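Containing mmCIF, C-alpha atoms: upload.cif.
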data_input
#
loop_
_atom_site.label_atom_id
_atom_site.label_comp_id
_atom_site.auth_asym_id
_atom_site.auth_seq_id
_atom_site.Cartn_x
_atom_site.Cartn_y
_atom_site.Cartn_z
CA MET D 1 125.21 -197.81 15.21
CA LYS D 2 128.20 -197.85 12.84
CA LYS D 3 126.18 -195.98 10.20
CA ARG D 4 125.31 -193.24 12.69
CA TYR D 5 128.92 -192.94 13.78
CA PHE D 6 130.06 -192.76 10.17
CA ALA D 7 127.44 -190.12 9.35
CA PHE D 8 128.46 -188.08 12.41
CA MET D 9 132.15 -188.28 11.46
CA LEU D 10 131.28 -187.30 7.88
CA VAL D 11 129.45 -184.19 9.11
CA ILE D 12 132.44 -183.23 11.26
CA ALA D 13 134.86 -183.78 8.38
CA LEU D 14 132.68 -181.72 6.07
CA GLY D 15 132.58 -178.92 8.62
CA LEU D 16 136.38 -178.96 8.88
CA VAL D 17 136.75 -178.88 5.11
CA LEU D 18 134.34 -175.95 4.83
CA THR D 19 136.17 -174.12 7.60
CA ALA D 20 139.52 -174.68 5.90
CA CYS D 21 138.14 -173.52 2.54
CA SER D 22 136.79 -170.32 3.99
CA GLY D 23 140.30 -169.19 4.94
CA SER D 24 140.62 -165.72 6.41
CA ASN D 25 137.80 -164.34 4.30
CA SER D 26 135.37 -164.37 7.23
CA ASN D 27 133.62 -161.15 6.24
CA SER D 28 133.11 -162.14 2.62
CA GLY D 29 129.36 -161.66 2.93
CA ALA D 30 129.67 -158.16 4.28
CA ASN D 31 128.41 -155.47 1.99
CA SER D 32 129.20 -152.30 3.85
CA ASN D 33 128.07 -149.24 1.99
CA THR D 34 129.73 -146.90 4.45
CA SER D 35 131.79 -144.67 2.24
CA GLY D 36 133.96 -141.66 2.74
CA ASN D 37 131.49 -139.70 0.60
CA LYS D 38 130.07 -137.23 3.13
CA GLU D 39 128.13 -135.35 0.44
CA GLU D 40 125.40 -137.97 0.03
CA GLN D 41 122.93 -137.96 2.89
CA PHE D 42 119.94 -140.23 3.12
CA VAL D 43 116.77 -139.79 5.15
CA THR D 44 113.71 -141.86 5.91
CA THR D 45 110.40 -141.22 7.60
CA LYS D 46 110.03 -144.84 8.72
CA THR D 47 110.86 -146.22 12.16
CA THR D 48 113.15 -149.24 12.38
CA LYS D 49 110.12 -151.37 13.32
CA GLU D 50 108.15 -150.15 10.30
CA MET D 51 111.09 -151.00 8.04
CA VAL D 52 111.58 -154.49 9.44
CA ASP D 53 107.85 -155.24 9.49
CA GLY D 54 107.53 -153.98 5.92
CA MET D 55 110.41 -156.13 4.70
CA LEU D 56 109.10 -159.21 6.47
CA ALA D 57 105.64 -158.64 4.99
CA LYS D 58 107.17 -158.83 1.50
CA ILE D 59 109.90 -161.44 2.02
CA GLU D 60 108.92 -164.66 3.75
CA GLN D 61 111.25 -165.90 6.48
CA PRO D 62 111.25 -168.66 9.11
CA ALA D 63 109.71 -167.84 12.50
CA LEU D 64 111.53 -164.90 14.10
CA ALA D 65 111.32 -163.31 17.54
CA GLU D 66 112.22 -159.76 18.55
CA MET D 67 115.47 -159.33 20.47
CA THR D 68 115.41 -156.64 23.15
CA GLY D 69 117.20 -155.19 26.15
CA ASP D 70 120.39 -156.68 27.50
CA MET D 71 120.49 -159.22 24.68
CA VAL D 72 121.62 -156.47 22.30
CA LYS D 73 124.76 -155.75 24.31
CA GLN D 74 125.52 -159.48 24.69
CA MET D 75 124.85 -160.47 21.08
CA TYR D 76 126.08 -157.37 19.23
CA TYR D 77 128.94 -156.18 21.46
CA PHE D 78 127.96 -152.52 21.72
CA ASP D 79 126.01 -150.43 24.19
CA PRO D 80 122.45 -149.89 22.94
CA SER D 81 122.44 -146.45 24.56
CA ILE D 82 124.18 -145.15 21.40
CA LEU D 83 121.02 -146.00 19.47
CA GLU D 84 117.99 -143.82 18.95
CA GLU D 85 115.98 -146.94 18.08
CA TYR D 86 116.47 -150.46 16.79
CA THR D 87 114.57 -153.55 15.73
CA ILE D 88 116.18 -156.99 15.70
CA MET D 89 114.43 -160.18 14.66
CA SER D 90 116.33 -163.40 15.32
CA PRO D 91 115.45 -167.06 14.78
CA LEU D 92 112.82 -168.54 17.06
CA MET D 93 114.56 -171.93 16.85
CA ASN D 94 118.31 -172.55 16.82
CA VAL D 95 118.25 -174.49 13.54
CA LYS D 96 118.13 -171.35 11.39
CA THR D 97 120.55 -168.46 10.98
CA ASN D 98 118.09 -165.97 9.48
CA GLU D 99 118.30 -162.63 11.25
CA ILE D 100 117.27 -159.10 10.35
CA ALA D 101 118.20 -155.93 12.21
CA VAL D 102 117.90 -152.19 11.65
CA PHE D 103 119.75 -149.83 13.98
CA LYS D 104 119.38 -146.05 14.04
CA VAL D 105 122.28 -144.34 15.80
CA LYS D 106 121.87 -141.08 17.68
CA ASP D 107 125.18 -139.82 16.29
CA ALA D 108 126.75 -140.83 12.96
CA LYS D 109 130.14 -141.18 14.68
CA ASP D 110 128.82 -144.38 16.30
CA ILE D 111 128.09 -146.16 13.00
CA ALA D 112 131.55 -147.77 13.04
CA ALA D 113 130.94 -149.23 16.52
CA VAL D 114 127.62 -150.69 15.37
CA GLU D 115 129.22 -152.14 12.23
CA ASP D 116 132.03 -153.70 14.28
CA GLY D 117 129.48 -155.25 16.64
CA ILE D 118 127.50 -156.63 13.71
CA LYS D 119 130.62 -158.21 12.23
CA LYS D 120 131.32 -159.92 15.57
CA ARG D 121 127.70 -161.09 15.72
CA ALA D 122 127.97 -162.50 12.19
CA ALA D 123 131.18 -164.32 13.15
CA ASP D 124 129.46 -165.78 16.23
CA VAL D 125 126.55 -167.06 14.14
CA GLN D 126 128.96 -168.58 11.62
CA LYS D 127 130.96 -170.28 14.36
CA SER D 128 127.77 -171.72 15.89
CA PHE D 129 126.84 -173.40 12.63
CA GLU D 130 130.16 -174.29 10.99
CA THR D 131 130.05 -177.90 12.24
CA TYR D 132 126.33 -178.07 12.96
CA LEU D 133 124.29 -177.34 9.82
CA PRO D 134 126.39 -176.70 6.68
CA ASP D 135 123.56 -175.01 4.75
CA GLN D 136 122.96 -172.56 7.59
CA TYR D 137 126.69 -171.95 7.92
CA GLU D 138 126.81 -170.95 4.24
CA ASN D 139 123.78 -168.73 4.78
CA ALA D 140 125.50 -167.00 7.73
CA LYS D 141 128.67 -166.43 5.70
CA ASN D 142 126.66 -164.51 3.10
CA TYR D 143 125.28 -161.87 5.44
CA LYS D 144 124.78 -158.28 4.29
CA LEU D 145 125.73 -155.13 6.18
CA VAL D 146 124.65 -151.74 4.84
CA ALA D 147 124.90 -148.26 6.36
CA LYS D 148 122.68 -145.49 5.03
CA GLY D 149 122.23 -142.15 6.74
CA ASN D 150 122.13 -142.82 10.50
CA HIS D 151 120.86 -146.37 9.91
CA VAL D 152 122.76 -149.63 9.83
CA PHE D 153 121.11 -152.71 8.35
CA PHE D 154 122.14 -156.33 8.96
CA VAL D 155 120.58 -159.40 7.42
CA ILE D 156 121.29 -163.10 7.24
CA SER D 157 118.93 -164.70 4.76
CA GLU D 158 118.84 -166.78 1.62
CA GLN D 159 117.14 -163.68 0.17
CA ALA D 160 119.58 -161.11 1.57
CA ASP D 161 119.81 -159.17 -1.71
CA LYS D 162 116.03 -158.68 -1.75
CA PHE D 163 116.20 -157.40 1.81
CA VAL D 164 118.94 -154.90 0.88
CA SER D 165 116.81 -153.62 -2.03
CA GLU D 166 113.81 -153.21 0.27
CA PHE D 167 115.94 -151.45 2.89
CA ASP D 168 117.29 -149.07 0.25
CA SER D 169 113.73 -148.28 -0.90
CA TYR D 170 112.97 -146.63 2.45
CA PHE D 171 115.50 -143.84 1.86
CA ALA D 172 115.59 -140.69 -0.22
CA LYS D 173 118.60 -138.48 -0.88
CA LYS D 174 118.52 -135.37 1.23
#

Go through the file and emit its structure as structure tokens.
Amino acid sequence: MKKRYFAFMLVIALGLVLTACSGSNSNSGANSNTSGNKEEQFVTTKTTKEMVDGMLAKIEQPALAEMTGDMVKQMYYFDPSILEEYTIMSPLMNVKTNEIAVFKVKDAKDIAAVEDGIKKRAADVQKSFETYLPDQYENAKNYKLVAKGNHVFFVISEQADKFVSEFDSYFAKK
């Protein structure tokens, strides 16, 4: 019993140390490609579902389930009515942080609201795992957030860079 207690206390202490080391750099994993450059416009012929399915066909991930309806507003903090379409795949079991989402906004002015919601979602995932599973907490801290055209892409994965490359491959300059 003492060994279990010690192990539990060690996990808590480790979580506190990791939290303290992360400082105020909570969005360090964000890679927002939203720039003030209005000249570059990107287009795609793929739906959000086709993009996500295509990425998941190439990059293996743990079991994921599609998030729909009211869950979007609860988990991402924005009204899904601003979206033309979206596809969100989240972990089937709560021992993984892997998540992939593609949002297509109806109006480019709403990209900032979607990005803000994604940042809050990423912070929630990090908070859920900071004292629970240290490897998943690190994974959640290294999320990627990319805006391209009217699309916003969010991914938490050990292979996030591969996902970003695949996402980028769906677009052509207009």

* For D:Glu60, the nearest of the candidates D:Val72, D:Ala160, D:Val152, D:Ala140, counting only C-alpha atoms -> D:Ala160

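Here the residues that fall within 12 Å of (129.8, -170.9, 15.1), using all atoms listed in the file, are given as Gly15, Thr19, Ser26, Asn94, Thr97, Lys120, Arg121, Ala122, Ala123, Asp124, Val125, Gln126, Lys127, Ser128, Phe129, Glu130, Thr131, Tyr132, Leu133, Pro134, Gln136, Tyr137, Glu138, Ala140 and Lys141 of chain D.
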
Expected file: the selected residues, C-alpha atoms, as an mmCIF file, keeping the file's coordinate frame:
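Contents of the output file again.cif:
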data_model
loop_
_atom_site.group_PDB
_atom_site.id
_atom_site.type_symbol
_atom_site.label_atom_id
_atom_site.label_comp_id
_atom_site.auth_asym_id
_atom_site.auth_seq_id
_atom_site.Cartn_x
_atom_site.Cartn_y
_atom_site.Cartn_z
ATOM 1 C CA GLY D 15 132.580 -178.920 8.620
ATOM 2 C CA THR D 19 136.170 -174.120 7.600
ATOM 3 C CA SER D 26 135.370 -164.370 7.230
ATOM 4 C CA ASN D 94 118.310 -172.550 16.820
ATOM 5 C CA THR D 97 120.550 -168.460 10.980
ATOM 6 C CA LYS D 120 131.320 -159.920 15.570
ATOM 7 C CA ARG D 121 127.700 -161.090 15.720
ATOM 8 C CA ALA D 122 127.970 -162.500 12.190
ATOM 9 C CA ALA D 123 131.180 -164.320 13.150
ATOM 10 C CA ASP D 124 129.460 -165.780 16.230
ATOM 11 C CA VAL D 125 126.550 -167.060 14.140
ATOM 12 C CA GLN D 126 128.960 -168.580 11.620
ATOM 13 C CA LYS D 127 130.960 -170.280 14.360
ATOM 14 C CA SER D 128 127.770 -171.720 15.890
ATOM 15 C CA PHE D 129 126.840 -173.400 12.630
ATOM 16 C CA GLU D 130 130.160 -174.290 10.990
ATOM 17 C CA THR D 131 130.050 -177.900 12.240
ATOM 18 C CA TYR D 132 126.330 -178.070 12.960
ATOM 19 C CA LEU D 133 124.290 -177.340 9.820
ATOM 20 C CA PRO D 134 126.390 -176.700 6.680
ATOM 21 C CA GLN D 136 122.960 -172.560 7.590
ATOM 22 C CA TYR D 137 126.690 -171.950 7.920
ATOM 23 C CA GLU D 138 126.810 -170.950 4.240
ATOM 24 C CA ALA D 140 125.500 -167.000 7.730
ATOM 25 C CA LYS D 141 128.670 -166.430 5.700
#

Evaluate the PyMOL selection byres ((chain D and resi 55) around 10) and report residues as a PDB file with C-alpha atoms, in the frame of the given file:
ATOM      1  CA  LYS D  49     110.120-151.370  13.320  1.00  0.00           C
ATOM      2  CA  GLU D  50     108.150-150.150  10.300  1.00  0.00           C
ATOM      3  CA  MET D  51     111.090-151.000   8.040  1.00  0.00           C
ATOM      4  CA  VAL D  52     111.580-154.490   9.440  1.00  0.00           C
ATOM      5  CA  ASP D  53     107.850-155.240   9.490  1.00  0.00           C
ATOM      6  CA  GLY D  54     107.530-153.980   5.920  1.00  0.00           C
ATOM      7  CA  LEU D  56     109.100-159.210   6.470  1.00  0.00           C
ATOM      8  CA  ALA D  57     105.640-158.640   4.990  1.00  0.00           C
ATOM      9  CA  LYS D  58     107.170-158.830   1.500  1.00  0.00           C
ATOM     10  CA  ILE D  59     109.900-161.440   2.020  1.00  0.00           C
ATOM     11  CA  GLU D  60     108.920-164.660   3.750  1.00  0.00           C
ATOM     12  CA  GLN D  61     111.250-165.900   6.480  1.00  0.00           C
ATOM     13  CA  ILE D 100     117.270-159.100  10.350  1.00  0.00           C
ATOM     14  CA  LYS D 162     116.030-158.680  -1.750  1.00  0.00           C
ATOM     15  CA  PHE D 163     116.200-157.400   1.810  1.00  0.00           C
ATOM     16  CA  VAL D 164     118.940-154.900   0.880  1.00  0.00           C
ATOM     17  CA  SER D 165     116.810-153.620  -2.030  1.00  0.00           C
ATOM     18  CA  GLU D 166     113.810-153.210   0.270  1.00  0.00           C
ATOM     19  CA  PHE D 167     115.940-151.450   2.890  1.00  0.00           C
TER      20      PHE D 167
END

* When the PyMOL selection byres ((chain D and resi 119) around 12) is applied to the file above, which residues end up in the set, as a ChimeraX atom specification? -> /D:26-32,75-78,112-118,120-126,140-146,152-156

Could you save the residues just selected, with C-alpha atoms, as an mmCIF file, in the frame of the given file?
data_model
loop_
_atom_site.group_PDB
_atom_site.id
_atom_site.type_symbol
_atom_site.label_atom_id
_atom_site.label_comp_id
_atom_site.auth_asym_id
_atom_site.auth_seq_id
_atom_site.Cartn_x
_atom_site.Cartn_y
_atom_site.Cartn_z
ATOM 1 C CA SER D 26 135.370 -164.370 7.230
ATOM 2 C CA ASN D 27 133.620 -161.150 6.240
ATOM 3 C CA SER D 28 133.110 -162.140 2.620
ATOM 4 C CA GLY D 29 129.360 -161.660 2.930
ATOM 5 C CA ALA D 30 129.670 -158.160 4.280
ATOM 6 C CA ASN D 31 128.410 -155.470 1.990
ATOM 7 C CA SER D 32 129.200 -152.300 3.850
ATOM 8 C CA MET D 75 124.850 -160.470 21.080
ATOM 9 C CA TYR D 76 126.080 -157.370 19.230
ATOM 10 C CA TYR D 77 128.940 -156.180 21.460
ATOM 11 C CA PHE D 78 127.960 -152.520 21.720
ATOM 12 C CA ALA D 112 131.550 -147.770 13.040
ATOM 13 C CA ALA D 113 130.940 -149.230 16.520
ATOM 14 C CA VAL D 114 127.620 -150.690 15.370
ATOM 15 C CA GLU D 115 129.220 -152.140 12.230
ATOM 16 C CA ASP D 116 132.030 -153.700 14.280
ATOM 17 C CA GLY D 117 129.480 -155.250 16.640
ATOM 18 C CA ILE D 118 127.500 -156.630 13.710
ATOM 19 C CA LYS D 120 131.320 -159.920 15.570
ATOM 20 C CA ARG D 121 127.700 -161.090 15.720
ATOM 21 C CA ALA D 122 127.970 -162.500 12.190
ATOM 22 C CA ALA D 123 131.180 -164.320 13.150
ATOM 23 C CA ASP D 124 129.460 -165.780 16.230
ATOM 24 C CA VAL D 125 126.550 -167.060 14.140
ATOM 25 C CA GLN D 126 128.960 -168.580 11.620
ATOM 26 C CA ALA D 140 125.500 -167.000 7.730
ATOM 27 C CA LYS D 141 128.670 -166.430 5.700
ATOM 28 C CA ASN D 142 126.660 -164.510 3.100
ATOM 29 C CA TYR D 143 125.280 -161.870 5.440
ATOM 30 C CA LYS D 144 124.780 -158.280 4.290
ATOM 31 C CA LEU D 145 125.730 -155.130 6.180
ATOM 32 C CA VAL D 146 124.650 -151.740 4.840
ATOM 33 C CA VAL D 152 122.760 -149.630 9.830
ATOM 34 C CA PHE D 153 121.110 -152.710 8.350
ATOM 35 C CA PHE D 154 122.140 -156.330 8.960
ATOM 36 C CA VAL D 155 120.580 -159.400 7.420
ATOM 37 C CA ILE D 156 121.290 -163.100 7.240
#

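Once the PyMOL selection byres ((chain D and resi 81) around 12) is applied to this file, the selection holds D:Gly69, D:Asp70, D:Val72, D:Lys73, D:Phe78, D:Asp79, D:Pro80, D:Ile82, D:Leu83, D:Glu84, D:Glu85, D:Tyr86, D:Phe103, D:Lys104, D:Val105, D:Lys106, D:Asp107, D:Asp110, D:Val114.
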
* Residue contacts of D:Pro62 (9 Å, only C-alpha atoms) excluding same-chain residues fewer than 4 positions away, as a PyMOL selection string -> chain D and resi 91-92+96+98

* What separation in Å, quoted to one decimal, exists between atom CA of D:Asp168 and atom CA of D:Ser90? -> 20.8 Å

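Between atom CA of D:Lys173 and atom CA of D:Gln159 lies a distance of 25.3 Å.
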
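Taking atom CA of D:Phe171 as the reference point, atom CA of D:Thr48 is found at 12.1 Å.
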
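With only C-alpha atoms as the atoms that count, the minimum distance from D:Val102 to the choices D:Asn139, D:Thr47, D:Ser157, D:Gln41 is reached by D:Thr47.
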
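Using all atoms listed in the file for every distance, the candidate list D:Lys174, D:Lys46, D:Ala147, D:Ser169 yields D:Ala147 as the residue closest to D:Ala108.
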
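Residue nearest D:Ala63, chosen from D:Ala101, D:Met93, D:Phe42, D:Ala172 and counting all atoms listed in the file: D:Met93.
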
Can you save stretch 66-81 of chain D of the given block to a file, including N, CA and C atoms and formatted as a PDB file, in the first residue's frame?
ATOM      1  N   GLU D  66     -16.400  10.443 -34.230  1.00  0.00           N
ATOM      2  CA  GLU D  66     -16.794  11.748 -34.745  1.00  0.00           C
ATOM      3  C   GLU D  66     -17.609  12.518 -33.717  1.00  0.00           C
ATOM      4  N   MET D  67     -17.266  13.784 -33.548  1.00  0.00           N
ATOM      5  CA  MET D  67     -17.965  14.683 -32.637  1.00  0.00           C
ATOM      6  C   MET D  67     -18.976  15.488 -33.456  1.00  0.00           C
ATOM      7  N   THR D  68     -20.200  15.550 -32.989  1.00  0.00           N
ATOM      8  CA  THR D  68     -21.233  16.256 -33.743  1.00  0.00           C
ATOM      9  C   THR D  68     -22.118  17.101 -32.840  1.00  0.00           C
ATOM     10  N   GLY D  69     -22.965  17.897 -33.480  1.00  0.00           N
ATOM     11  CA  GLY D  69     -24.033  18.627 -32.801  1.00  0.00           C
ATOM     12  C   GLY D  69     -23.612  19.555 -31.692  1.00  0.00           C
ATOM     13  N   ASP D  70     -24.354  19.475 -30.592  1.00  0.00           N
ATOM     14  CA  ASP D  70     -24.141  20.373 -29.460  1.00  0.00           C
ATOM     15  C   ASP D  70     -22.755  20.243 -28.843  1.00  0.00           C
ATOM     16  N   MET D  71     -22.116  19.106 -29.065  1.00  0.00           N
ATOM     17  CA  MET D  71     -20.778  18.908 -28.496  1.00  0.00           C
ATOM     18  C   MET D  71     -19.802  19.958 -29.024  1.00  0.00           C
ATOM     19  N   VAL D  72     -19.988  20.401 -30.254  1.00  0.00           N
ATOM     20  CA  VAL D  72     -19.074  21.381 -30.840  1.00  0.00           C
ATOM     21  C   VAL D  72     -19.107  22.672 -30.018  1.00  0.00           C
ATOM     22  N   LYS D  73     -20.297  23.148 -29.736  1.00  0.00           N
ATOM     23  CA  LYS D  73     -20.430  24.393 -28.972  1.00  0.00           C
ATOM     24  C   LYS D  73     -19.839  24.235 -27.564  1.00  0.00           C
ATOM     25  N   GLN D  74     -20.073  23.093 -26.934  1.00  0.00           N
ATOM     26  CA  GLN D  74     -19.562  22.835 -25.587  1.00  0.00           C
ATOM     27  C   GLN D  74     -18.044  22.694 -25.574  1.00  0.00           C
ATOM     28  N   MET D  75     -17.496  21.972 -26.527  1.00  0.00           N
ATOM     29  CA  MET D  75     -16.078  21.642 -26.501  1.00  0.00           C
ATOM     30  C   MET D  75     -15.190  22.698 -27.158  1.00  0.00           C
ATOM     31  N   TYR D  76     -15.747  23.449 -28.109  1.00  0.00           N
ATOM     32  CA  TYR D  76     -14.944  24.406 -28.864  1.00  0.00           C
ATOM     33  C   TYR D  76     -15.327  25.865 -28.639  1.00  0.00           C
ATOM     34  N   TYR D  77     -16.362  26.115 -27.865  1.00  0.00           N
ATOM     35  CA  TYR D  77     -16.703  27.470 -27.425  1.00  0.00           C
ATOM     36  C   TYR D  77     -17.104  28.431 -28.555  1.00  0.00           C
ATOM     37  N   PHE D  78     -17.635  27.927 -29.641  1.00  0.00           N
ATOM     38  CA  PHE D  78     -18.198  28.818 -30.655  1.00  0.00           C
ATOM     39  C   PHE D  78     -19.435  28.152 -31.239  1.00  0.00           C
ATOM     40  N   ASP D  79     -20.277  28.982 -31.829  1.00  0.00           N
ATOM     41  CA  ASP D  79     -21.539  28.506 -32.393  1.00  0.00           C
ATOM     42  C   ASP D  79     -21.279  27.858 -33.753  1.00  0.00           C
ATOM     43  N   PRO D  80     -21.603  26.582 -33.905  1.00  0.00           N
ATOM     44  CA  PRO D  80     -21.333  25.904 -35.173  1.00  0.00           C
ATOM     45  C   PRO D  80     -22.130  26.458 -36.354  1.00  0.00           C
ATOM     46  N   SER D  81     -23.067  27.357 -36.103  1.00  0.00           N
ATOM     47  CA  SER D  81     -23.822  27.943 -37.214  1.00  0.00           C
ATOM     48  C   SER D  81     -22.941  28.842 -38.089  1.00  0.00           C
TER      49      SER D  81
END
